[in-house]
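Text of the file query21.cif, holding mmCIF, C-alpha atoms:
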```
data_run
loop_
_atom_site.label_atom_id
_atom_site.label_comp_id
_atom_site.auth_asym_id
_atom_site.auth_seq_id
_atom_site.Cartn_x
_atom_site.Cartn_y
_atom_site.Cartn_z
CA MET A 1 95.50 95.41 112.16
CA LYS A 2 98.03 97.14 114.43
CA LYS A 3 99.42 93.77 115.48
CA HIS A 4 99.85 92.75 111.83
CA TRP A 5 101.84 95.91 111.07
CA ARG A 6 103.90 95.46 114.25
CA ASP A 7 104.80 91.92 113.22
CA MET A 8 105.55 92.99 109.66
CA SER A 9 107.78 95.82 110.90
CA ILE A 10 109.75 93.47 113.15
CA LEU A 11 110.15 90.94 110.32
CA LEU A 12 111.24 93.65 107.89
CA GLY A 13 113.74 94.90 110.46
CA ALA A 14 115.22 91.42 110.86
CA ILE A 15 115.44 90.98 107.09
CA GLY A 16 117.03 94.39 106.55
CA ILE A 17 119.67 93.98 109.26
CA ALA A 18 120.60 90.48 108.10
CA ASN A 19 120.79 91.63 104.46
CA ILE A 20 123.18 94.51 105.22
CA GLY A 21 125.27 92.18 107.37
CA GLU A 22 125.52 89.63 104.56
CA TRP A 23 126.97 92.22 102.17
CA ILE A 24 129.51 93.29 104.79
CA TYR A 25 130.45 89.65 105.41
CA MET A 26 130.97 88.72 101.76
CA ILE A 27 133.17 91.75 101.01
CA ALA A 28 135.23 91.27 104.16
CA LEU A 29 135.59 87.52 103.59
CA HIS A 30 136.88 87.95 100.03
CA LEU A 31 139.32 90.63 101.15
CA LEU A 32 140.60 88.57 104.08
CA ILE A 33 141.18 85.48 101.93
CA PHE A 34 143.01 87.50 99.29
CA GLN A 35 145.16 89.25 101.90
CA GLU A 36 146.15 85.94 103.49
CA THR A 37 146.69 83.90 100.31
CA GLY A 38 147.33 86.45 97.56
CA SER A 39 145.43 84.07 95.28
CA VAL A 40 142.51 85.05 93.05
CA LEU A 41 141.70 81.34 92.71
CA ALA A 42 141.27 81.07 96.48
CA VAL A 43 138.68 83.86 96.35
CA THR A 44 136.95 82.35 93.30
CA ALA A 45 136.54 79.09 95.21
CA VAL A 46 134.28 80.91 97.69
CA TYR A 47 131.87 81.77 94.86
CA LEU A 48 131.60 78.09 93.95
CA LEU A 49 130.60 77.13 97.49
CA ARG A 50 127.19 78.87 97.26
CA PRO A 51 125.75 76.81 94.34
CA ALA A 52 127.45 73.67 95.68
CA ALA A 53 125.78 74.16 99.09
CA ALA A 54 122.45 74.86 97.37
CA LEU A 55 122.70 71.64 95.37
CA LEU A 56 123.35 69.61 98.51
CA THR A 57 120.80 71.33 100.76
CA ASN A 58 117.79 71.94 98.53
CA SER A 59 117.26 68.24 97.88
CA TRP A 60 116.05 67.68 101.46
CA SER A 61 115.64 70.99 103.31
CA GLY A 62 112.10 71.66 102.08
CA SER A 63 110.89 68.40 103.60
CA LEU A 64 112.11 69.56 107.01
CA VAL A 65 110.96 73.16 106.62
CA ASP A 66 107.35 72.18 105.90
CA ARG A 67 107.22 69.89 108.95
CA LEU A 68 108.99 72.03 111.55
CA ASN A 69 108.26 75.33 113.25
CA GLN A 70 109.60 77.76 110.63
CA ARG A 71 110.11 80.57 113.15
CA ASN A 72 112.33 78.35 115.30
CA VAL A 73 114.19 77.15 112.22
CA MET A 74 114.91 80.77 111.21
CA ILE A 75 116.15 81.62 114.72
CA SER A 76 118.37 78.52 114.87
CA LEU A 77 119.86 79.20 111.44
CA ASP A 78 120.59 82.85 112.29
CA ILE A 79 122.39 81.84 115.49
CA THR A 80 124.26 79.03 113.74
CA ARG A 81 125.47 81.36 110.98
CA ALA A 82 126.48 83.99 113.56
CA LEU A 83 128.62 81.49 115.49
CA LEU A 84 130.25 80.07 112.36
CA ILE A 85 130.99 83.53 110.97
CA ALA A 86 132.51 84.64 114.28
CA CYS A 87 134.93 81.68 114.03
CA ILE A 88 136.09 82.51 110.48
CA PRO A 89 139.02 84.78 111.50
CA PHE A 90 140.43 82.05 113.79
CA ALA A 91 140.28 79.47 110.98
CA LEU A 92 141.83 81.86 108.47
CA PHE A 93 144.70 83.05 110.65
CA SER A 94 145.50 79.50 111.75
CA GLY A 95 146.48 78.83 108.15
CA HIS A 96 143.95 76.02 107.67
CA LEU A 97 142.23 77.19 104.49
CA LEU A 98 140.36 73.91 104.11
CA ILE A 99 138.71 74.39 107.51
CA LEU A 100 137.68 77.89 106.43
CA TYR A 101 136.08 76.56 103.25
CA VAL A 102 134.21 73.90 105.24
CA MET A 103 132.86 76.59 107.58
CA VAL A 104 131.81 78.83 104.67
CA PHE A 105 130.16 75.80 103.05
CA PHE A 106 128.06 75.17 106.18
CA ILE A 107 127.17 78.88 106.33
CA GLN A 108 125.92 78.68 102.74
CA MET A 109 123.96 75.52 103.57
CA ALA A 110 122.25 77.38 106.40
CA GLN A 111 121.53 80.27 104.03
CA ALA A 112 120.04 77.88 101.46
CA MET A 113 117.77 76.38 104.14
CA PHE A 114 116.84 79.79 105.55
CA HIS A 115 115.26 80.95 102.27
CA PRO A 116 112.39 78.40 102.09
CA ALA A 117 111.83 78.63 105.86
CA SER A 118 111.46 82.42 105.69
CA MET A 119 109.22 82.18 102.62
CA VAL A 120 106.83 79.81 104.38
CA TYR A 121 106.82 81.86 107.57
CA MET A 122 106.29 85.18 105.78
CA THR A 123 103.40 83.77 103.78
CA GLY A 124 101.70 82.48 106.95
CA LEU A 125 102.37 85.66 108.93
CA ILE A 126 101.40 88.33 106.38
CA PRO A 127 97.67 88.64 105.54
CA ALA A 128 96.95 88.21 101.82
CA ASP A 129 95.78 91.83 101.47
CA ASN A 130 99.11 93.16 102.78
CA ARG A 131 101.50 90.94 100.81
CA LYS A 132 102.04 93.31 97.88
CA ARG A 133 102.92 96.16 100.23
CA PHE A 134 105.15 93.94 102.35
CA ASN A 135 107.01 92.54 99.35
CA ALA A 136 107.52 96.03 97.93
CA ILE A 137 109.04 97.29 101.22
CA ARG A 138 111.12 94.11 101.46
CA SER A 139 112.45 94.75 97.97
CA LEU A 140 113.33 98.31 98.99
CA LEU A 141 115.22 97.04 102.05
CA GLN A 142 117.14 94.53 99.95
CA SER A 143 117.98 97.29 97.48
CA GLY A 144 119.16 99.45 100.35
CA GLY A 145 121.34 96.57 101.52
CA PHE A 146 122.90 96.46 98.05
CA LEU A 147 124.16 100.02 98.58
CA LEU A 148 124.43 100.31 102.37
CA GLY A 149 126.22 96.97 102.84
CA PRO A 150 129.31 97.79 100.73
CA ALA A 151 129.28 101.38 102.07
CA ALA A 152 129.19 100.11 105.67
CA ALA A 153 131.97 97.63 104.87
CA GLY A 154 134.11 100.45 103.47
CA LEU A 155 133.52 102.54 106.59
CA LEU A 156 134.43 99.63 108.85
CA PHE A 157 137.62 99.07 106.85
CA LEU A 158 138.55 102.72 107.49
CA ILE A 159 138.03 102.59 111.26
CA GLY A 160 139.15 99.01 111.79
CA THR A 161 139.99 95.87 109.83
CA PRO A 162 138.06 93.31 107.73
CA VAL A 163 137.99 91.15 110.86
CA LEU A 164 135.86 93.80 112.57
CA SER A 165 133.45 93.62 109.62
CA ILE A 166 133.17 89.85 110.07
CA TYR A 167 132.20 90.29 113.72
CA VAL A 168 129.72 93.05 112.83
CA ASN A 169 127.92 90.61 110.53
CA ALA A 170 127.79 88.00 113.29
CA ILE A 171 126.21 90.63 115.56
CA CYS A 172 123.71 91.55 112.81
CA LEU A 173 122.61 87.91 112.59
CA LEU A 174 122.19 87.70 116.36
CA ILE A 175 120.06 90.88 116.30
CA SER A 176 118.01 89.33 113.49
CA ALA A 177 117.50 86.20 115.62
CA LEU A 178 116.42 88.32 118.61
CA LEU A 179 113.91 90.23 116.47
CA THR A 180 112.54 86.95 115.07
CA MET A 181 112.03 85.73 118.66
CA CYS A 182 109.61 88.64 119.11
CA LEU A 183 107.41 87.31 116.30
CA PRO A 184 104.47 84.96 116.94
CA ASN A 185 104.63 81.19 116.69
CA LEU A 186 102.49 80.06 113.77
CA LEU A 187 102.81 76.39 114.69
CA LYS A 188 102.16 74.96 118.11
CA THR A 189 104.48 71.99 117.66
CA ASP A 190 108.12 71.82 116.68
CA ALA A 191 108.27 68.13 115.99
CA ALA A 192 108.30 66.52 112.58
CA GLN A 193 105.18 64.54 111.83
CA LYS A 194 107.14 61.52 110.69
CA ARG A 195 110.71 60.31 110.85
CA PHE A 196 113.05 61.93 108.35
CA SER A 197 114.06 59.25 105.86
CA LEU A 198 114.82 58.55 102.22
CA SER A 199 111.28 57.22 101.70
CA MET A 200 109.90 60.51 103.03
CA LEU A 201 112.03 62.42 100.50
CA LYS A 202 110.70 60.21 97.71
CA GLU A 203 107.11 60.86 98.84
CA ASP A 204 107.78 64.60 98.90
CA ALA A 205 109.32 64.51 95.42
CA LYS A 206 106.15 62.79 94.15
CA LEU A 207 104.05 65.41 95.96
CA VAL A 208 105.90 68.26 94.25
CA LEU A 209 105.57 66.49 90.90
CA ARG A 210 101.81 66.03 91.39
CA PHE A 211 101.39 69.66 92.34
CA SER A 212 103.45 70.76 89.34
CA LEU A 213 101.39 68.64 86.93
CA THR A 214 98.05 69.83 88.30
CA SER A 215 99.14 73.48 88.51
CA ARG A 216 100.93 73.73 85.18
CA GLN A 217 100.26 77.40 84.58
CA ILE A 218 101.55 78.40 88.02
CA MET A 219 104.74 76.37 87.69
CA THR A 220 105.23 77.51 84.09
CA VAL A 221 105.23 81.11 85.35
CA TYR A 222 107.64 80.07 88.12
CA LEU A 223 110.08 78.39 85.72
CA LEU A 224 109.91 81.12 83.08
CA PHE A 225 110.53 83.86 85.65
CA SER A 226 113.39 81.89 87.19
CA ALA A 227 114.99 81.35 83.77
CA ALA A 228 114.56 84.98 82.68
CA ILE A 229 115.36 86.86 85.90
CA THR A 230 117.71 84.52 87.77
CA VAL A 231 119.42 81.92 85.55
CA LEU A 232 120.18 83.94 82.40
CA PRO A 233 121.11 87.18 84.21
CA THR A 234 123.57 85.25 86.40
CA ALA A 235 125.18 83.73 83.31
CA ILE A 236 125.32 87.14 81.58
CA ASP A 237 126.58 88.91 84.70
CA SER A 238 129.49 86.44 84.91
CA LEU A 239 130.79 88.16 81.75
CA GLU A 240 130.02 91.68 82.99
CA THR A 241 133.55 92.67 84.00
CA ALA A 242 135.09 91.29 80.80
CA PHE A 243 132.37 93.00 78.71
CA ALA A 244 132.97 96.34 80.42
CA LYS A 245 136.77 96.17 80.20
CA GLU A 246 137.38 94.44 76.86
CA VAL A 247 134.31 95.36 74.78
CA LEU A 248 133.33 98.80 76.10
CA MET A 249 136.97 99.59 77.03
CA LEU A 250 135.94 101.22 80.32
CA THR A 251 138.43 102.34 82.92
CA ASP A 252 138.12 101.14 86.51
CA THR A 253 136.55 104.48 87.43
CA GLN A 254 134.00 104.27 84.60
CA TYR A 255 133.15 100.68 85.52
CA GLY A 256 132.61 101.77 89.12
CA LEU A 257 130.30 104.52 87.86
CA LEU A 258 128.35 101.94 85.82
CA VAL A 259 127.79 99.80 88.91
CA SER A 260 126.76 102.89 90.89
CA ILE A 261 124.19 103.81 88.24
CA ALA A 262 122.74 100.31 88.52
CA GLY A 263 122.52 100.81 92.29
CA ALA A 264 120.72 104.11 91.78
CA GLY A 265 118.28 102.37 89.44
CA ILE A 266 117.56 99.71 92.05
CA ILE A 267 116.87 102.29 94.76
CA ALA A 268 114.72 104.47 92.45
CA GLY A 269 112.66 101.51 91.21
CA ALA A 270 112.19 100.00 94.67
CA SER A 271 111.21 103.40 96.12
CA LEU A 272 108.59 104.08 93.43
CA ASN A 273 107.38 100.50 93.66
CA SER A 274 106.77 100.81 97.41
CA VAL A 275 104.69 103.96 96.82
CA ILE A 276 102.45 102.80 93.95
CA VAL A 277 102.38 99.05 94.57
CA GLU A 278 98.72 99.01 95.65
CA ARG A 279 97.67 100.55 92.33
CA LEU A 280 99.37 97.85 90.25
CA SER A 281 98.17 94.33 89.59
CA VAL A 282 100.42 91.38 90.31
CA SER A 283 100.29 90.34 86.65
CA LEU A 284 101.36 93.80 85.50
CA MET A 285 104.32 93.96 87.89
CA LEU A 286 105.43 90.43 87.08
CA GLY A 287 104.98 90.50 83.31
CA ILE A 288 105.80 94.07 82.30
CA GLY A 289 108.49 94.39 84.97
CA SER A 290 110.29 91.31 83.63
CA LEU A 291 109.92 92.53 80.04
CA PHE A 292 111.58 95.87 80.81
CA VAL A 293 114.38 94.10 82.69
CA ALA A 294 115.05 92.16 79.48
CA PHE A 295 114.93 95.38 77.42
CA GLY A 296 117.48 96.93 79.77
CA TYR A 297 119.82 93.97 79.31
CA LEU A 298 119.37 94.16 75.53
CA ILE A 299 120.31 97.86 75.49
CA TYR A 300 123.39 96.97 77.54
CA ALA A 301 124.32 94.11 75.17
CA PHE A 302 124.25 96.34 72.06
CA SER A 303 125.82 99.38 73.74
CA SER A 304 129.10 100.78 72.51
CA SER A 305 129.61 103.56 75.05
CA LEU A 306 129.36 104.20 78.78
CA VAL A 307 126.20 106.32 78.34
CA ALA A 308 124.30 103.58 76.46
CA ALA A 309 125.43 100.85 78.86
CA ALA A 310 124.48 103.04 81.84
CA GLY A 311 121.01 103.60 80.34
CA GLY A 312 120.50 99.85 79.98
CA PHE A 313 121.76 99.21 83.50
CA PHE A 314 119.44 101.83 84.99
CA ILE A 315 116.37 100.46 83.15
CA LEU A 316 116.96 96.83 84.12
CA ALA A 317 117.75 97.74 87.74
CA PHE A 318 114.75 100.09 87.97
CA PHE A 319 112.20 97.48 86.85
CA LEU A 320 113.76 94.60 88.77
CA ALA A 321 111.95 95.64 91.97
CA PHE A 322 108.57 95.54 90.19
CA ALA A 323 109.29 92.12 88.70
CA ASN A 324 110.47 90.64 92.01
CA THR A 325 107.55 92.07 94.00
CA GLY A 326 105.08 90.72 91.46
CA PHE A 327 106.70 87.29 91.47
CA MET A 328 106.87 87.04 95.27
CA THR A 329 103.20 87.98 95.61
CA PHE A 330 102.20 85.58 92.82
CA TYR A 331 104.18 82.80 94.50
CA GLN A 332 102.68 83.40 97.95
CA THR A 333 99.16 83.60 96.53
CA ASN A 334 99.19 80.49 94.35
CA ILE A 335 101.36 77.94 96.15
CA PRO A 336 99.78 76.38 99.27
CA VAL A 337 101.75 77.22 102.40
CA GLU A 338 101.61 73.54 103.44
CA VAL A 339 103.90 72.52 100.56
CA MET A 340 105.69 75.82 99.91
CA GLY A 341 108.98 74.73 101.49
CA ARG A 342 109.16 71.54 99.43
CA VAL A 343 108.23 73.29 96.19
CA ALA A 344 110.71 76.12 96.81
CA SER A 345 113.56 73.75 97.67
CA PHE A 346 112.96 71.44 94.71
CA TYR A 347 112.85 74.25 92.17
CA ALA A 348 115.78 76.01 93.83
CA LEU A 349 117.72 72.79 93.20
CA VAL A 350 116.70 72.87 89.53
CA GLU A 351 117.56 76.58 89.37
CA ALA A 352 121.05 75.99 90.83
CA ILE A 353 121.77 73.25 88.28
CA LEU A 354 120.56 75.42 85.39
CA THR A 355 122.53 78.43 86.64
CA MET A 356 125.79 76.50 86.81
CA THR A 357 125.13 74.92 83.40
CA MET A 358 124.21 78.17 81.64
CA THR A 359 127.13 80.04 83.22
CA GLY A 360 129.48 77.40 81.82
CA ILE A 361 127.79 77.50 78.40
CA PHE A 362 128.00 81.28 78.08
CA GLY A 363 131.59 81.26 79.27
CA GLY A 364 132.35 78.74 76.54
CA LEU A 365 130.49 80.81 73.93
CA ALA A 366 132.49 83.88 74.93
CA HIS A 367 135.69 81.91 74.38
CA ILE A 368 134.61 80.33 71.06
CA LEU A 369 132.75 83.29 69.52
CA SER A 370 133.18 86.58 71.37
CA ILE A 371 132.11 88.21 74.62
CA ARG A 372 129.64 90.56 72.90
CA ILE A 373 128.00 87.83 70.82
CA SER A 374 127.67 85.63 73.91
CA VAL A 375 126.03 88.47 75.88
CA ILE A 376 123.71 89.33 72.95
CA ILE A 377 122.59 85.70 72.61
CA GLY A 378 121.83 85.57 76.34
CA CYS A 379 119.86 88.83 76.25
CA ILE A 380 117.81 87.79 73.21
CA CYS A 381 116.97 84.49 74.92
CA MET A 382 115.93 86.46 78.02
CA LEU A 383 113.66 88.73 75.96
CA LEU A 384 111.99 85.77 74.24
CA ILE A 385 111.37 84.03 77.58
CA CYS A 386 109.91 87.25 79.03
CA LEU A 387 107.56 87.59 76.05
CA LEU A 388 106.42 84.02 76.66
CA LEU A 389 106.03 84.83 80.37
CA CYS A 390 103.77 87.79 79.51
CA PHE A 391 101.66 85.53 77.29
CA VAL A 392 101.24 83.00 80.09
CA ILE A 393 100.71 85.47 82.94
CA PHE A 394 97.97 87.45 81.21
CA ARG A 395 95.91 84.34 80.49
CA PRO A 396 93.14 83.52 82.99
CA LEU A 397 94.69 81.52 85.82
CA THR A 398 93.30 78.05 86.45
CA VAL A 399 94.27 76.21 89.61
CA LYS A 400 93.48 72.64 90.59
CA LYS A 401 94.06 71.69 94.20
CA ILE A 402 94.86 68.05 94.74
CA VAL A 403 97.64 68.41 97.28
CA HIS A 404 97.25 66.57 100.55
CA PRO A 405 100.53 67.21 102.39
CA THR A 406 101.80 65.14 105.26
#
```
Represent the supplied structure as structure tokens.
Amino acid sequence: MKKHWRDMSILLGAIGIANIGEWIYMIALHLLIFQETGSVLAVTAVYLLRPAAALLTNSWSGSLVDRLNQRNVMISLDITRALLIACIPFALFSGHLLILYVMVFFIQMAQAMFHPASMVYMTGLIPADNRKRFNAIRSLLQSGGFLLGPAAAGLLFLIGTPVLSIYVNAICLLISALLTMCLPNLLKTDAAQKRFSLSMLKEDAKLVLRFSLTSRQIMTVYLLFSAAITVLPTAIDSLETAFAKEVLMLTDTQYGLLVSIAGAGIIAGASLNSVIVERLSVSLMLGIGSLFVAFGYLIYAFSSSLVAAAGGFFILAFFLAFANTGFMTFYQTNIPVEVMGRVASFYALVEAILTMTMTGIFGGLAHILSIRISVIIGCICMLLICLLLCFVIFRPLTVKKIVHPT
């Protein structure tokens, strides 16, 4: 038992340090690009690299993740990202913006591959009885990164330059890699069982399809949660600044306060969640948590003042930790670890496509109709999907196991 908690503590430490470093990196990167180019478009292009890298990487990364030593993959990806990030200032100051974008693209590819690898490794490392607690603490650390990362970046800007912040993130990733090295090997071999090829990818796609068809309720929950808590919120959040400035008529200071209230909601929800998580069922956290996130968004969509919008923001942020903890535990419990990387990568690919599509659709609706109507439509769709999610999640779960991974 002590060894389990030691391993979990080390893993949580690695996750927390890397998460704070990522926030510092993104803020510093955007600031550096804007300072060097003076172009908002140049900064916007960075945002497009993340989904583009996900689309390219998720089609094949799961096949590798499931066949390799996930711990070694995580270490290699941390070191690779650290080296690439440390080279960013040289690429930027040399005036070769294209080289910078290529480097950022590879960093995002590594990030996209890291997610399924860490999911598989965490599921294998953490005993089933401790997963709810682990996921709750992980959610708290990620929430802390949401606040501590920008705060640390601001402090570094005061005592140094954005370049210093870039190097700090590289160091954070190296520390994360060192901590991961202290964790146990769950696989004895680091060699793929068969040669990586197009035919192998086709076999894996069929495997994921078979699993999805024979575990319809599990994958329905997965898709509904993804649509309600990832895809639609991303599309709605893309209109957040315009909604705050043009619909609610908030000043920059008031908008900053609104974001801060959301951060307080995240911390409060994650803190309470980590305390009472053992008393809550996975279904309750997943279903009711998602439903209240949708209610929070709906309050925000119909708000006409800072107070109402802040109330909606606090509610959705507060319950997000419960929803995410419930989903992570549900996912780890019901998807076999042998195919988890392939399933995660395939559906992450679908999620990236849907996110880009829905973001474009809601941007178009905001232009054709209005920003408020577009946001309201998105929030109503989110609420309906969450109601359907509750209906599915509270039904008795039936699982058929026919997966024979290679």
Exercise. Which distance in Å separates atom CA of A:Ala301 and atom CA of A:Val375, to one decimal?
Worked result: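 Spanning atom CA of A:Ala301 to atom CA of A:Val375 is a straight-line distance of 5.9 Å.
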For this session: Might you pull out every residue within 10 Å of A:Ile236, with all atoms listed in the file counted and same-chain residues fewer than 3 positions away left off, and present them as an MDAnalysis selection string?
Result: chainID A and resid 231:233 239:240 243 297 301 358:359 362:363 371 374:379
Check which residues satisfy the PyMOL selection byres ((chain A and resi 173) around 9) in the file shown, then give them as a compact mmCIF listing (two decimals) with C-alpha atoms, keeping the file's coordinate frame.
```
# COMPACT_ATOMS: atom_id res chain seq x y z
CA ALA A 14 115.22 91.42 110.86
CA ILE A 17 119.67 93.98 109.26
CA ALA A 18 120.60 90.48 108.10
CA GLY A 21 125.27 92.18 107.37
CA GLU A 22 125.52 89.63 104.56
CA ASP A 78 120.59 82.85 112.29
CA ILE A 79 122.39 81.84 115.49
CA ARG A 81 125.47 81.36 110.98
CA ALA A 82 126.48 83.99 113.56
CA VAL A 168 129.72 93.05 112.83
CA ASN A 169 127.92 90.61 110.53
CA ALA A 170 127.79 88.00 113.29
CA ILE A 171 126.21 90.63 115.56
CA CYS A 172 123.71 91.55 112.81
CA LEU A 174 122.19 87.70 116.36
CA ILE A 175 120.06 90.88 116.30
CA SER A 176 118.01 89.33 113.49
CA ALA A 177 117.50 86.20 115.62
CA LEU A 178 116.42 88.32 118.61
```
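The coordinates place atom CA of A:Gly256 at 11.0 Å from atom CA of A:Ala310.
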Exercise. So which residues are close to (136.8, 89.4, 76.4), meaning at most 12 Å away in the file's coordinates with all atoms listed in the file counted, and can you show them as a PyMOL selection string?
Worked result: chain A and resi 238-249+363-375
Problem set entry | Hits of the PyMOL selection byres ((chain A and resi 131) around 12) in this structure, as a ChimeraX atom specification | /A:4-5,8,119,122-130,132-139,274,277-278,282,325-333
Cut-off 7 Å: closest stretch 332-401 of chain A/stretch 54-68 of chain A atom pairs per residue, using only C-alpha atoms, as a tab-separated table:
```
residue	atom	partner	partner_atom	distance
A:Glu338	CA	A:Asp66	CA	6.4
A:Val339	CA	A:Asp66	CA	6.4
A:Gly341	CA	A:Gly62	CA	4.4
A:Arg342	CA	A:Gly62	CA	4.0
A:Ser345	CA	A:Asn58	CA	4.7
A:Phe346	CA	A:Asn58	CA	6.2
A:Ala348	CA	A:Asn58	CA	6.5
A:Leu349	CA	A:Asn58	CA	5.4
A:Ala352	CA	A:Leu55	CA	6.5
```
What would the file look like if the residues just selected were written as a PDB file, keeping the file's coordinate frame with C-alpha atoms?
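Saved to part14.pdb:
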```pdb
ATOM      1  CA  GLU A 338     101.610  73.540 103.440  1.00  0.00           C
ATOM      2  CA  VAL A 339     103.900  72.520 100.560  1.00  0.00           C
ATOM      3  CA  GLY A 341     108.980  74.730 101.490  1.00  0.00           C
ATOM      4  CA  ARG A 342     109.160  71.540  99.430  1.00  0.00           C
ATOM      5  CA  SER A 345     113.560  73.750  97.670  1.00  0.00           C
ATOM      6  CA  PHE A 346     112.960  71.440  94.710  1.00  0.00           C
ATOM      7  CA  ALA A 348     115.780  76.010  93.830  1.00  0.00           C
ATOM      8  CA  LEU A 349     117.720  72.790  93.200  1.00  0.00           C
ATOM      9  CA  ALA A 352     121.050  75.990  90.830  1.00  0.00           C
TER      10      ALA A 352
END
```
Return as AutoDock Vina command-line options the box centre and box size in Å, one decimal, for an axis-aligned box around all listed atoms of stretch 212-228 of chain A padded by 8 Å per side.
```
--center_x 106.5 --center_y 76.8 --center_z 86.0 --size_x 32.9 --size_y 32.3 --size_z 22.7
```
Exercise. What gap, in Å, lies between atom CA of A:Gln111 and atom CA of A:Leu48?
Worked result: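 Rounded to one decimal, the two atoms are 14.4 Å apart.
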For this session: Find the residues with any atom within 7 Å of (107.7, 90.4, 116.7); use all atoms listed in the file and the coordinates as given in the file, and write the answer as a list in words.
Result: Arg6, Asp7, Ile10, Leu11, Leu179, Thr180, Met181, Cys182, Leu183 and Pro184 of chain A
For this session: Name the residues captured by the PyMOL selection byres ((chain A and resi 94-98) around 12) when it is applied to the shown file; answer as a list in words.
Result: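 Applied to this file, the PyMOL selection byres ((chain A and resi 94-98) around 12) selects Leu32, Ile33, Phe34, Glu36, Thr37, Ser39, Ala42, Val43, Ala45, Val46, Cys87, Ile88, Pro89, Phe90, Ala91, Leu92, Phe93, Ile99, Leu100, Tyr101, Val102, Met103, Val104 and Phe105 of chain A.
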For this session: Identify which of the residues A:Gln108, A:Ser143, A:Ser260, A:Leu31 lies closest to A:Ile166, counting only C-alpha atoms when measuring atom-to-atom distances.
Result: A:Leu31
Exercise. Using all atoms listed in the file, which residues sit within 6 Å of A:Ile315 once same-chain residues fewer than 3 positions away are excluded, as a PyMOL selection string?
Worked result: chain A and resi 296+312+318
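In terms of minimum interatomic distance to A:Ser290, A:Leu320 ranks closest within A:Ala53, A:Leu320, A:Leu155, A:Ile15, counting only C-alpha atoms.
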For this session: Would you kindly return, as a VMD selection string, each protein, DNA or RNA residue with an atom no farther than 10 Å from any atom of A:Ile335, considering only C-alpha atoms and excluding same-chain residues fewer than 5 positions away?
Result: chain A and resid 123 211 215 218 to 219 330 340 to 341 343 to 344 399 401
For this session: Counting only C-alpha atoms, figure out which residue out of A:Leu12, A:Leu29, A:Val221, A:Met74 gets nearest to A:Cys386.
Result: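 The closest residue to A:Cys386 is A:Val221.
Residue neighbourhood of A:Ile267, excluding near-sequence residues (fewer than 2 positions): Leu140, Ser143, Gly144, Gly263, Ala264, Gly265, Gly269, Ala270, Ser271 and Phe318 of chain A, at 8 Å, using all atoms listed in the file.
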